[in-house]
Every structure is written in C-alpha cells, then in structure tokens.
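Here is protein_18.pdb, consisting of PDB, C-alpha atoms:
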```
MODEL        1
ATOM      1  CA  MET A 154     -56.043 -30.639 147.788
ATOM      2  CA  HIS A 155     -52.541 -30.851 146.601
ATOM      3  CA  LEU A 156     -52.431 -27.118 146.258
ATOM      4  CA  ILE A 157     -53.669 -26.595 149.775
ATOM      5  CA  ILE A 158     -50.974 -28.846 151.176
ATOM      6  CA  THR A 159     -48.320 -27.004 149.144
ATOM      7  CA  ASP A 160     -49.511 -23.648 150.517
ATOM      8  CA  LEU A 161     -49.379 -24.999 154.069
ATOM      9  CA  HIS A 162     -45.785 -26.091 153.605
ATOM     10  CA  ALA A 163     -44.832 -22.738 152.159
ATOM     11  CA  THR A 164     -46.525 -20.881 154.982
ATOM     12  CA  ARG A 165     -44.758 -23.102 157.545
ATOM     13  CA  SER A 166     -41.405 -22.403 155.935
ATOM     14  CA  ARG A 167     -42.041 -18.678 156.023
ATOM     15  CA  VAL A 168     -43.141 -18.863 159.659
ATOM     16  CA  LEU A 169     -40.043 -20.836 160.639
ATOM     17  CA  LYS A 170     -37.838 -18.450 158.713
ATOM     18  CA  VAL A 171     -39.366 -15.421 160.416
ATOM     19  CA  GLY A 172     -39.028 -17.122 163.822
ATOM     20  CA  TRP A 173     -35.341 -17.727 163.304
ATOM     21  CA  MET A 174     -34.828 -14.165 162.238
ATOM     22  CA  HIS A 175     -36.600 -12.887 165.366
ATOM     23  CA  ALA A 176     -34.572 -15.255 167.479
ATOM     24  CA  LEU A 177     -31.327 -14.069 165.933
ATOM     25  CA  ALA A 178     -32.389 -10.440 166.444
ATOM     26  CA  ALA A 179     -33.243 -11.138 170.049
ATOM     27  CA  MET A 180     -29.901 -12.837 170.620
ATOM     28  CA  ALA A 181     -28.082  -9.895 169.052
ATOM     29  CA  ALA A 182     -30.023  -7.507 171.265
ATOM     30  CA  LEU A 183     -29.118  -9.545 174.331
ATOM     31  CA  ILE A 184     -25.457  -9.510 173.361
ATOM     32  CA  LEU A 185     -25.494  -5.742 172.847
ATOM     33  CA  LEU A 186     -27.296  -5.271 176.145
ATOM     34  CA  GLY A 187     -24.676  -7.335 177.958
ATOM     35  CA  ALA A 188     -21.855  -5.358 176.406
ATOM     36  CA  ALA A 189     -23.538  -2.128 177.385
ATOM     37  CA  LEU A 190     -23.972  -3.377 180.939
ATOM     38  CA  MET A 191     -20.286  -4.333 181.119
ATOM     39  CA  TRP A 192     -19.236  -0.869 179.840
ATOM     40  CA  LEU A 193     -21.483   0.834 182.361
ATOM     41  CA  THR A 194     -20.018  -1.300 185.118
ATOM     42  CA  LEU A 195     -16.502  -0.259 184.191
ATOM     43  CA  GLN A 196     -17.473   3.438 184.029
ATOM     44  CA  THR A 197     -19.263   3.169 187.343
ATOM     45  CA  ASP A 198     -16.003   2.038 189.009
ATOM     46  CA  LYS A 199     -14.284   5.259 187.859
ATOM     47  CA  LEU A 200     -17.216   7.543 188.569
ATOM     48  CA  PRO A 201     -16.917   7.967 192.366
ATOM     49  CA  ALA A 202     -13.311   9.246 192.206
ATOM     50  CA  ALA A 203     -14.032  11.757 189.460
ATOM     51  CA  VAL A 204     -17.240  12.888 191.087
ATOM     52  CA  ALA A 205     -15.490  13.191 194.460
ATOM     53  CA  GLU A 206     -12.620  15.194 192.959
ATOM     54  CA  ARG A 207     -14.995  17.527 191.170
ATOM     55  CA  THR A 208     -17.126  17.888 194.263
ATOM     56  CA  ALA A 209     -14.057  18.618 196.437
ATOM     57  CA  THR A 210     -13.002  21.337 194.019
ATOM     58  CA  LEU A 211     -16.382  23.018 193.871
ATOM     59  CA  TRP A 212     -17.483  22.416 197.459
ATOM     60  CA  PRO A 213     -14.423  21.721 199.691
ATOM     61  CA  ALA A 214     -14.973  20.064 203.008
ATOM     62  CA  PRO A 215     -15.202  22.359 206.084
ATOM     63  CA  ASP A 216     -11.941  21.054 207.525
ATOM     64  CA  ARG A 217     -10.108  21.891 204.302
ATOM     65  CA  VAL A 218     -11.613  25.375 204.279
ATOM     66  CA  LEU A 219     -10.369  25.930 207.835
ATOM     67  CA  GLU A 220      -6.962  24.575 206.931
ATOM     68  CA  ARG A 221      -6.651  26.997 204.019
ATOM     69  CA  GLN A 222      -7.754  29.913 206.168
ATOM     70  CA  GLU A 223      -5.270  28.974 208.881
ATOM     71  CA  ARG A 224      -2.425  28.784 206.347
ATOM     72  CA  ALA A 225      -3.325  32.203 204.927
ATOM     73  CA  ALA A 226      -3.580  33.749 208.414
ATOM     74  CA  ARG A 227      -0.266  32.182 209.464
ATOM     75  CA  ALA A 228       1.480  33.530 206.373
ATOM     76  CA  ARG A 229       0.093  37.013 207.077
ATOM     77  CA  LEU A 230       1.173  36.878 210.717
ATOM     78  CA  ASP A 231       4.653  35.718 209.701
ATOM     79  CA  ALA A 232       4.935  38.663 207.306
ATOM     80  CA  MET A 233       3.831  41.137 210.012
ATOM     81  CA  ALA A 234       6.205  39.539 212.525
ATOM     82  CA  ARG A 235       9.076  40.082 210.099
ATOM     83  CA  LYS A 236       8.076  43.738 209.730
ATOM     84  CA  VAL A 237       7.930  44.163 213.504
ATOM     85  CA  GLY A 238      11.365  42.542 213.810
ATOM     86  CA  GLU A 239      12.789  44.894 211.195
ATOM     87  CA  MET A 240      11.301  47.892 213.010
ATOM     88  CA  GLN A 241      12.749  46.730 216.335
ATOM     89  CA  ALA A 242      16.179  46.487 214.727
ATOM     90  CA  ARG A 243      15.798  49.982 213.262
ATOM     91  CA  LEU A 244      14.754  51.362 216.643
ATOM     92  CA  LEU A 245      17.849  49.839 218.247
ATOM     93  CA  GLN A 246      19.956  51.495 215.551
ATOM     94  CA  LEU A 247      18.220  54.794 216.223
ATOM     95  CA  GLU A 248      18.881  54.540 219.968
ATOM     96  CA  SER A 249      22.549  53.784 219.327
ATOM     97  CA  LEU A 250      22.784  56.620 216.805
ATOM     98  CA  ASP A 251      21.072  58.968 219.248
ATOM     99  CA  GLU A 252      23.696  58.165 221.907
ATOM    100  CA  ARG A 253      26.529  58.853 219.443
ATOM    101  CA  VAL A 254      24.988  62.109 218.256
ATOM    102  CA  ARG A 255      24.366  63.319 221.805
ATOM    103  CA  GLY A 256      27.949  62.457 222.713
ATOM    104  CA  LEU A 257      29.277  64.431 219.753
ATOM    105  CA  ALA A 258      27.047  67.360 220.712
ATOM    106  CA  GLY A 259      28.255  67.237 224.325
ATOM    107  CA  LEU A 260      24.832  66.276 225.690
ATOM    108  CA  PRO A 261      24.255  63.755 228.472
ATOM    109  CA  PRO A 262      22.914  60.315 227.486
ATOM    110  CA  VAL A 263      19.174  59.774 227.541
ATOM    111  CA  LYS A 264      17.583  57.279 229.892
ATOM    112  CA  TRP A 265      14.916  55.520 227.853
ATOM    113  CA  GLU A 266      11.696  55.438 229.847
ATOM    114  CA  PRO A 267       8.834  52.954 229.405
ATOM    115  CA  VAL A 268       5.872  53.904 227.244
ATOM    116  CA  PRO A 269       3.935  56.690 229.015
ATOM    117  CA  GLY A 270       0.334  56.212 230.093
ATOM    118  CA  GLN A 271      -2.390  57.036 227.595
ATOM    119  CA  GLY A 272      -6.185  57.291 227.626
ATOM    120  CA  GLY A 273      -9.241  59.321 226.622
ATOM    121  CA  ILE A 274     -12.862  59.106 225.554
ATOM    122  CA  LEU A 275     -13.800  56.117 223.385
ATOM    123  CA  LEU A 276     -15.571  57.071 220.131
ATOM    124  CA  ASP A 277     -16.383  55.077 216.982
ATOM    125  CA  ASP A 278     -14.929  51.934 218.497
ATOM    126  CA  ARG A 279     -14.311  49.066 216.064
ATOM    127  CA  PRO A 280     -11.707  46.335 215.610
ATOM    128  CA  LEU A 281      -8.626  47.214 213.602
ATOM    129  CA  SER A 282      -8.578  45.499 210.218
ATOM    130  CA  MET A 283      -5.544  43.597 208.987
ATOM    131  CA  GLN A 284      -5.140  46.055 206.113
ATOM    132  CA  GLU A 285      -5.218  49.042 208.471
ATOM    133  CA  PHE A 286      -2.674  47.383 210.737
ATOM    134  CA  ASP A 287      -0.426  46.657 207.763
ATOM    135  CA  ASP A 288      -0.734  50.278 206.588
ATOM    136  CA  MET A 289       0.182  51.550 210.061
ATOM    137  CA  LEU A 290       3.284  49.345 210.129
ATOM    138  CA  ASN A 291       4.371  50.595 206.706
ATOM    139  CA  ALA A 292       3.853  54.241 207.721
ATOM    140  CA  LEU A 293       5.812  53.730 210.932
ATOM    141  CA  ALA A 294       8.632  52.048 209.001
ATOM    142  CA  ARG A 295       8.811  55.017 206.615
ATOM    143  CA  ARG A 296       8.933  57.485 209.534
ATOM    144  CA  THR A 297      11.671  55.429 211.207
ATOM    145  CA  ASP A 298      13.749  55.361 208.032
ATOM    146  CA  ALA A 299      13.348  59.125 207.601
ATOM    147  CA  ARG A 300      14.380  59.777 211.221
ATOM    148  CA  HIS A 301      17.397  57.490 210.813
ATOM    149  CA  ASP A 302      18.509  59.357 207.680
ATOM    150  CA  ARG A 303      18.177  62.736 209.434
ATOM    151  CA  MET A 304      20.174  61.498 212.419
ATOM    152  CA  LEU A 305      22.938  60.243 210.110
ATOM    153  CA  THR A 306      23.110  63.664 208.479
ATOM    154  CA  ILE A 307      23.355  65.381 211.875
ATOM    155  CA  GLU A 308      26.015  62.917 213.029
ATOM    156  CA  SER A 309      28.056  63.556 209.879
ATOM    157  CA  ARG A 310      27.959  67.310 210.433
ATOM    158  CA  LEU A 311      28.844  66.972 214.112
ATOM    159  CA  VAL A 312      31.770  64.705 213.239
ATOM    160  CA  ASP A 313      33.017  67.295 210.752
ATOM    161  CA  GLN A 314      32.655  70.071 213.339
ATOM    162  CA  GLN A 315      34.387  68.040 216.020
ATOM    163  CA  ALA A 316      37.212  67.110 213.652
ATOM    164  CA  SER A 317      37.725  70.749 212.684
ATOM    165  CA  THR A 318      37.647  71.744 216.365
ATOM    166  CA  THR A 319      40.183  69.134 217.447
ATOM    167  CA  LEU A 320      42.566  70.339 214.731
ATOM    168  CA  VAL A 321      42.485  73.892 216.081
ATOM    169  CA  PRO A 322      44.568  74.700 219.207
ATOM    170  CA  SER A 323      41.643  75.334 221.537
ATOM    171  CA  MET A 324      42.710  73.319 224.612
ATOM    172  CA  LEU A 325      45.027  74.735 227.282
ATOM    173  CA  PRO A 326      48.400  72.972 227.007
ATOM    174  CA  VAL A 327      48.903  73.065 230.792
ATOM    175  CA  ALA A 328      45.645  72.389 232.600
ATOM    176  CA  GLY A 329      44.701  74.502 235.591
ATOM    177  CA  ARG A 330      47.638  76.887 235.338
ATOM    178  CA  PRO A 331      47.388  80.692 234.799
ATOM    179  CA  VAL A 332      49.142  82.483 231.975
ATOM    180  CA  GLY A 333      52.340  84.074 233.281
ATOM    181  CA  SER A 334      53.452  86.287 230.392
ATOM    182  CA  PRO A 335      51.350  87.624 227.507
ATOM    183  CA  PHE A 336      51.868  87.665 223.778
ATOM    184  CA  GLY A 337      53.394  90.855 222.387
ATOM    185  CA  THR A 338      55.796  93.506 223.679
ATOM    186  CA  ARG A 339      57.118  93.058 227.217
ATOM    187  CA  ILE A 340      60.131  93.659 229.453
ATOM    188  CA  ASP A 341      62.526  90.755 228.893
ATOM    189  CA  PRO A 342      62.956  88.938 232.250
ATOM    190  CA  ILE A 343      66.680  88.254 231.643
ATOM    191  CA  ASN A 344      68.191  91.484 230.249
ATOM    192  CA  GLY A 345      65.438  93.959 231.190
ATOM    193  CA  HIS A 346      65.078  95.304 227.663
ATOM    194  CA  VAL A 347      61.866  95.841 225.755
ATOM    195  CA  ALA A 348      61.397  92.784 223.577
ATOM    196  CA  ARG A 349      58.734  90.937 221.619
ATOM    197  CA  HIS A 350      57.255  87.848 223.253
ATOM    198  CA  THR A 351      56.062  85.414 220.576
ATOM    199  CA  GLY A 352      53.824  83.219 222.708
ATOM    200  CA  LEU A 353      52.231  82.629 226.108
ATOM    201  CA  ASP A 354      54.070  81.383 229.199
ATOM    202  CA  PHE A 355      52.446  78.899 231.599
ATOM    203  CA  PRO A 356      54.479  78.722 234.850
ATOM    204  CA  ALA A 357      54.248  75.279 236.491
ATOM    205  CA  PRO A 358      56.470  72.942 238.514
ATOM    206  CA  SER A 359      58.907  70.758 236.579
ATOM    207  CA  GLY A 360      57.295  67.503 235.557
ATOM    208  CA  THR A 361      53.799  68.994 235.099
ATOM    209  CA  ALA A 362      52.058  67.428 232.092
ATOM    210  CA  ILE A 363      52.061  69.317 228.792
ATOM    211  CA  THR A 364      49.189  68.258 226.507
ATOM    212  CA  ALA A 365      48.563  68.850 222.814
ATOM    213  CA  ALA A 366      46.359  71.894 222.282
ATOM    214  CA  ALA A 367      45.028  70.197 219.134
ATOM    215  CA  GLY A 368      45.434  66.970 217.211
ATOM    216  CA  GLY A 369      48.063  66.727 214.512
ATOM    217  CA  VAL A 370      51.472  65.383 213.465
ATOM    218  CA  VAL A 371      54.762  66.035 215.254
ATOM    219  CA  VAL A 372      56.958  67.773 212.686
ATOM    220  CA  THR A 373      59.843  68.878 214.940
ATOM    221  CA  GLN A 374      61.399  67.370 218.056
ATOM    222  CA  GLU A 375      64.786  68.776 218.953
ATOM    223  CA  PHE A 376      66.903  70.732 221.446
ATOM    224  CA  HIS A 377      67.125  74.441 220.663
ATOM    225  CA  ARG A 378      69.622  76.791 222.297
ATOM    226  CA  GLU A 379      66.897  79.244 223.369
ATOM    227  CA  TYR A 380      63.750  77.088 223.268
ATOM    228  CA  GLY A 381      65.454  74.178 225.022
ATOM    229  CA  ASN A 382      63.662  70.841 224.551
ATOM    230  CA  MET A 383      61.140  71.801 221.904
ATOM    231  CA  LEU A 384      58.552  70.136 219.709
ATOM    232  CA  GLU A 385      56.202  71.382 217.011
ATOM    233  CA  ILE A 386      52.890  69.893 215.916
ATOM    234  CA  SER A 387      51.327  70.586 212.537
ATOM    235  CA  HIS A 388      47.521  70.735 212.456
ATOM    236  CA  GLY A 389      47.069  71.274 208.729
ATOM    237  CA  ASN A 390      46.280  74.384 206.696
ATOM    238  CA  GLY A 391      49.606  75.924 207.705
ATOM    239  CA  LEU A 392      48.743  75.896 211.431
ATOM    240  CA  VAL A 393      51.536  74.831 213.835
ATOM    241  CA  THR A 394      51.859  74.871 217.643
ATOM    242  CA  ARG A 395      55.244  75.031 219.402
ATOM    243  CA  TYR A 396      56.010  73.790 222.927
ATOM    244  CA  ALA A 397      59.330  74.913 224.471
ATOM    245  CA  HIS A 398      61.540  74.545 227.599
ATOM    246  CA  ALA A 399      60.265  70.984 228.349
ATOM    247  CA  SER A 400      62.170  68.828 230.821
ATOM    248  CA  ARG A 401      61.131  65.699 228.900
ATOM    249  CA  VAL A 402      59.536  65.099 225.504
ATOM    250  CA  LEU A 403      57.342  62.010 225.149
ATOM    251  CA  VAL A 404      56.745  62.014 221.389
ATOM    252  CA  LYS A 405      58.991  62.049 218.335
ATOM    253  CA  LYS A 406      58.889  63.421 214.836
ATOM    254  CA  GLY A 407      56.248  61.736 212.692
ATOM    255  CA  ASP A 408      54.006  60.718 215.599
ATOM    256  CA  LEU A 409      50.273  61.313 215.371
ATOM    257  CA  VAL A 410      48.874  62.978 218.479
ATOM    258  CA  ARG A 411      45.317  63.698 219.528
ATOM    259  CA  GLN A 412      43.989  66.752 221.301
ATOM    260  CA  GLY A 413      44.613  66.499 225.062
ATOM    261  CA  GLN A 414      47.306  63.828 224.731
ATOM    262  CA  LYS A 415      50.312  64.194 227.047
ATOM    263  CA  ILE A 416      53.298  65.029 224.836
ATOM    264  CA  ALA A 417      55.906  66.435 227.249
ATOM    265  CA  GLU A 418      56.595  67.670 230.783
ATOM    266  CA  VAL A 419      57.251  71.202 231.996
ATOM    267  CA  GLY A 420      60.905  72.077 232.545
ATOM    268  CA  ALA A 421      63.467  74.875 232.556
ATOM    269  CA  THR A 422      65.638  74.064 229.544
ATOM    270  CA  GLY A 423      66.942  76.783 227.191
ATOM    271  CA  ARG A 424      66.839  80.513 227.872
ATOM    272  CA  VAL A 425      64.638  80.721 230.989
ATOM    273  CA  THR A 426      64.532  82.007 234.533
ATOM    274  CA  GLY A 427      62.444  79.102 235.856
ATOM    275  CA  ALA A 428      60.213  76.179 235.004
ATOM    276  CA  HIS A 429      57.364  76.993 232.628
ATOM    277  CA  LEU A 430      55.924  76.135 229.208
ATOM    278  CA  HIS A 431      56.418  78.613 226.384
ATOM    279  CA  PHE A 432      53.551  78.029 223.934
ATOM    280  CA  GLU A 433      53.352  79.478 220.423
ATOM    281  CA  VAL A 434      50.870  79.333 217.522
ATOM    282  CA  LEU A 435      52.105  79.923 213.965
ATOM    283  CA  LYS A 436      50.057  80.335 210.797
ATOM    284  CA  ASP A 437      52.073  79.892 207.593
ATOM    285  CA  GLY A 438      55.216  80.620 209.618
ATOM    286  CA  ALA A 439      53.895  83.844 211.181
ATOM    287  CA  TRP A 440      53.367  84.124 214.938
ATOM    288  CA  GLN A 441      49.756  84.429 216.065
ATOM    289  CA  ASN A 442      48.319  85.411 219.438
ATOM    290  CA  PRO A 443      47.605  82.041 221.093
ATOM    291  CA  SER A 444      44.839  83.675 223.161
ATOM    292  CA  SER A 445      42.818  84.139 219.975
ATOM    293  CA  PHE A 446      42.674  80.342 219.724
ATOM    294  CA  LEU A 447      42.682  79.219 223.350
ATOM    295  CA  PHE A 448      40.170  81.772 224.655
ATOM    296  CA  ALA A 449      38.173  82.579 221.504
ATOM    297  CA  GLY A 450      34.544  83.298 222.316
ATOM    298  CA  LYS A 451      35.146  83.075 226.045
ATOM    299  CA  GLY A 452      35.466  86.779 226.798
ATOM    300  CA  LYS A 453      38.385  87.564 229.067
ATOM    301  CA  SER A 454      41.334  85.246 229.304
ATOM    302  CA  PRO A 455      42.283  83.612 232.625
ATOM    303  CA  VAL A 456      43.996  85.706 235.265
ATOM    304  CA  GLN A 457      47.546  86.373 234.127
ATOM    305  CA  MET A 458      50.536  86.707 236.395
ATOM    306  CA  VAL A 459      52.785  89.519 235.162
ATOM    307  CA  ALA A 460      55.489  91.099 237.358
ATOM    308  CA  GLY A 461      53.934  89.467 240.400
ATOM    309  CA  ARG A 462      50.550  91.231 240.015
ATOM    310  CA  GLU A 463      47.179  89.782 238.969
ATOM    311  CA  HIS A 464      45.141  91.504 236.272
ATOM    312  CA  SER A 465      42.654  90.463 233.629
ATOM    313  CA  VAL A 466      43.639  91.062 230.026
ATOM    314  CA  GLU A 467      41.281  91.064 227.047
ATOM    315  CA  PRO A 468      42.528  88.647 224.357
ATOM    316  CA  GLY A 469      42.592  91.460 221.793
ATOM    317  CA  GLN A 470      44.842  93.594 224.014
ATOM    318  CA  GLN A 471      47.516  90.975 224.611
TER     319      GLN A 471
ENDMDL
END
```
Can the structure in the file be given as structure tokens, please?
Amino acid sequence: MHLIITDLHATRSRVLKVGWMHALAAMAALILLGAALMWLTLQTDKLPAAVAERTATLWPAPDRVLERQERAARARLDAMARKVGEMQARLLQLESLDERVRGLAGLPPVKWEPVPGQGGILLDDRPLSMQEFDDMLNALARRTDARHDRMLTIESRLVDQQASTTLVPSMLPVAGRPVGSPFGTRIDPINGHVARHTGLDFPAPSGTAITAAAGGVVVTQEFHREYGNMLEISHGNGLVTRYAHASRVLVKKGDLVRQGQKIAEVGATGRVTGAHLHFEVLKDGAWQNPSSFLFAGKGKSPVQMVAGREHSVEPGQQ
C-alpha cells in the first residue's frame, strides 16, 4: 500500500512537471508568434510603396506613357523646326548672294515668284515617316550648302574680273563725245607740220565733265606748258592715263579715284586751238594707242572728226 501511494505521488510529480514544460513551450510559441506578427505588420506598411514603384516601372500608367510619347514627339519637332529655321536662313543668304552675283555679272535682278503649281497621278500613296522626313531635310541642307559654296566661288571670280576691268582704262573719259583727232601721225593743227599725236582728242565745251577711264591713284597734278592743267592716274602694273588741257582739276596728287568718277573739266589750257580733252595711255612710260583700251572688242571706234570730215577708223589703223 505504501508503495502504491509512493508511485502515485511520483506519477503526479511527473505529470505536473510535464504540464509546466508544455505550458512554458506554449507561452514561448505565443511570444514568437506575436513577434512574427509585429514584424509582418511593419513590413506590410512598407510593401505598398515598393510594390507600387516596381509596378510603375514595369507597367507605367497610360497617362505616363502618353506624357513620355508627347515629350519625345515635342523634342523631335523642336529639332526639325531648328533645321527648317537654319535652311530658311541659308535660303535668304542664297537669295542675297544671287542678287550680288547677278549685279557683278551685269544681269537684272530676279523677281522671286511663289512656288509653281504641281500635280500628277497618285501611286503607292503612304504617309511620310519621321525618318524619311529627317533624311529629306538633311539632303536639302547639303544641297543648299553646296549651292552656296558654288555661288561664293562665282562671286569671288566675278569680283576679281570686275576689279581687273575697273583698273584698265576702258571707259570713255568724256561721255557722249566723238574722238576729234586720232593717235599716231597727223598734221599739227598749229604749225601745219607732220607730227606725232600721242593720244586721242575729245572736243567738248569748256566745263564738260572729265571722268576717270579707270580706277587708280593720282600720281601727278600740275600745270604743264604744253599740256596745260594736267593730271595722271596710275592703275598699277605700269599703266598710267594722262588727262590734259583741263579748265579745272578736281583731284590732287595721292587721291584714290574710281572708274567713272569726275576728276576734271574740259578746258583750253596749254598748247591748243580750242577746248578739248587730250587723253593718253602709257605703259611703263611708253605711249599706247588709247583706242586699244577704250574700244577693245567693240569693232570700229566711234565716228571721229578729223579736218571737219566724218569717217570711221579701225582701232588698229589709228
């Protein structure tokens, strides 16, 4: 009996001990479960933002897609607008250059007309792609640049030609007046002897304008006993023109003159019988036939008045 009671007490102690152990394990499990729930709660608060950000990256909203497309299209249009603006500026330069070139070439200005009418049968119709439009703009820009470069080259050559022309005595020094006495051997009007005439005479009333036959620098302006009021203009390369018997000289030594500029007035100073301009051309100090310069390439010279009779004289025979 005593043994039975002792076994019962031992069994009760073991049962109580096991119960406490289960209770402690249950409490520990509850504590861990609560901690896990708290951690999940905290992570759940952060989850929507991360998920939303990731979702927005992978699958953007329709309004954002449209916004991006609009920005890209606007940037492309801005780039094309800049190209069109550059081409418009180049076309304006070309029009201005064309006017200058035509002026140098002696051509009348061009009246720019509107774009002419166009048309024709419609085949393989389709919208023009942005890439094709961009390629067309680039090709047109290259053609415009090439045309501009060619026009600049032509302008440069025309300027050189015009400069060389204006430095050669090719303009009549007395406009609208016939030549009165030729270059070469003639009967001297004062003593009646055979003498050499070193230039051309242009009879005209006193005060008639004398203009520079070519551009250059005045190298002489003086009174000469035979030439009277005289001036000389150097045109470079040893070429000089001489203007004699003037009533009044309007330029002085050292002045720059342009072709066609009024430099003096016709008079009767020096060894003369009446008012006229005596005009000479010298190359390296040697007299040249002025007709070879004034009438070069024009066939016969103007009607010349010699001894009161009119006759045409070939420049090579003067």
Inset, instruction - Name all residues at most 8 Å from Arg243 in chain A (count only C-alpha atoms; drop same-chain ones fewer than 3 positions away) and give them as a PyMOL selection string. - result: chain A and resi 239-240+246-247+297-298
Atoms kept (C-alpha atoms) for selection, written as an mmCIF file, in the frame of the given file:
```cif
data_model
loop_
_atom_site.group_PDB
_atom_site.id
_atom_site.type_symbol
_atom_site.label_atom_id
_atom_site.label_comp_id
_atom_site.auth_asym_id
_atom_site.auth_seq_id
_atom_site.Cartn_x
_atom_site.Cartn_y
_atom_site.Cartn_z
ATOM 1 C CA GLU A 239 12.789 44.894 211.195
ATOM 2 C CA MET A 240 11.301 47.892 213.010
ATOM 3 C CA GLN A 246 19.956 51.495 215.551
ATOM 4 C CA LEU A 247 18.220 54.794 216.223
ATOM 5 C CA THR A 297 11.671 55.429 211.207
ATOM 6 C CA ASP A 298 13.749 55.361 208.032
#
```
Kindly list the centre and edge lengths in Å, rounded to one decimal, for the axis-aligned box that covers all listed atoms of range 389-404 of chain A plus 3 Å on each of its six sides, as lines of an AutoDock Vina configuration file.
```
center_x = 54.2
center_y = 69.0
center_z = 218.8
size_x = 21.9
size_y = 19.9
size_z = 30.1
```
Legend entry - Selection result of the PyMOL selection byres ((chain A and resi 388) around 7) on this file, as number ranges by chain: A: 320-321, 368-370, 386-387, 389-390, 392-393
Produce a file of the selected residues containing C-alpha atoms, as a PDB file, in the frame of the given file.
```
ATOM      1  CA  LEU A 320      42.566  70.339 214.731  1.00  0.00           C
ATOM      2  CA  VAL A 321      42.485  73.892 216.081  1.00  0.00           C
ATOM      3  CA  GLY A 368      45.434  66.970 217.211  1.00  0.00           C
ATOM      4  CA  GLY A 369      48.063  66.727 214.512  1.00  0.00           C
ATOM      5  CA  VAL A 370      51.472  65.383 213.465  1.00  0.00           C
ATOM      6  CA  ILE A 386      52.890  69.893 215.916  1.00  0.00           C
ATOM      7  CA  SER A 387      51.327  70.586 212.537  1.00  0.00           C
ATOM      8  CA  GLY A 389      47.069  71.274 208.729  1.00  0.00           C
ATOM      9  CA  ASN A 390      46.280  74.384 206.696  1.00  0.00           C
ATOM     10  CA  LEU A 392      48.743  75.896 211.431  1.00  0.00           C
ATOM     11  CA  VAL A 393      51.536  74.831 213.835  1.00  0.00           C
TER      12      VAL A 393
END
```
Inset, instruction - Using all atoms listed in the file, determine which residues lie at most 10 Å from Pro356 in chain A, disregarding the query and same-chain residues fewer than 6 positions distant; provide the list as a ChimeraX atom specification. - result: /A:327,330-334,419-420,427-431,458
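Reported to one decimal place, the separation of CA of Gly391 in chain A from CA of Val371 in chain A is 13.5 Å.
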Inset, instruction - Kindly resolve the PyMOL selection byres ((chain A and resi 403-409) around 9) on the present coordinates and return the residues as a ChimeraX atom specification. - result: /A:368-375,384-386,401-402,410-411,415-418
Legend entry - All residues 10 Å or closer to Asp251 in chain A, only C-alpha atoms, same chain fewer than 2 positions away omitted, as a count of residues only: 16
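CA of Ala294 in chain A is found 13.2 Å from CA of Ala234 in chain A.
Closest approach to Asn442 in chain A from the set A:Ser400, A:Thr364, A:Thr351, A:Gln414 is made by A:Thr351, with distances taken over all atoms listed in the file.
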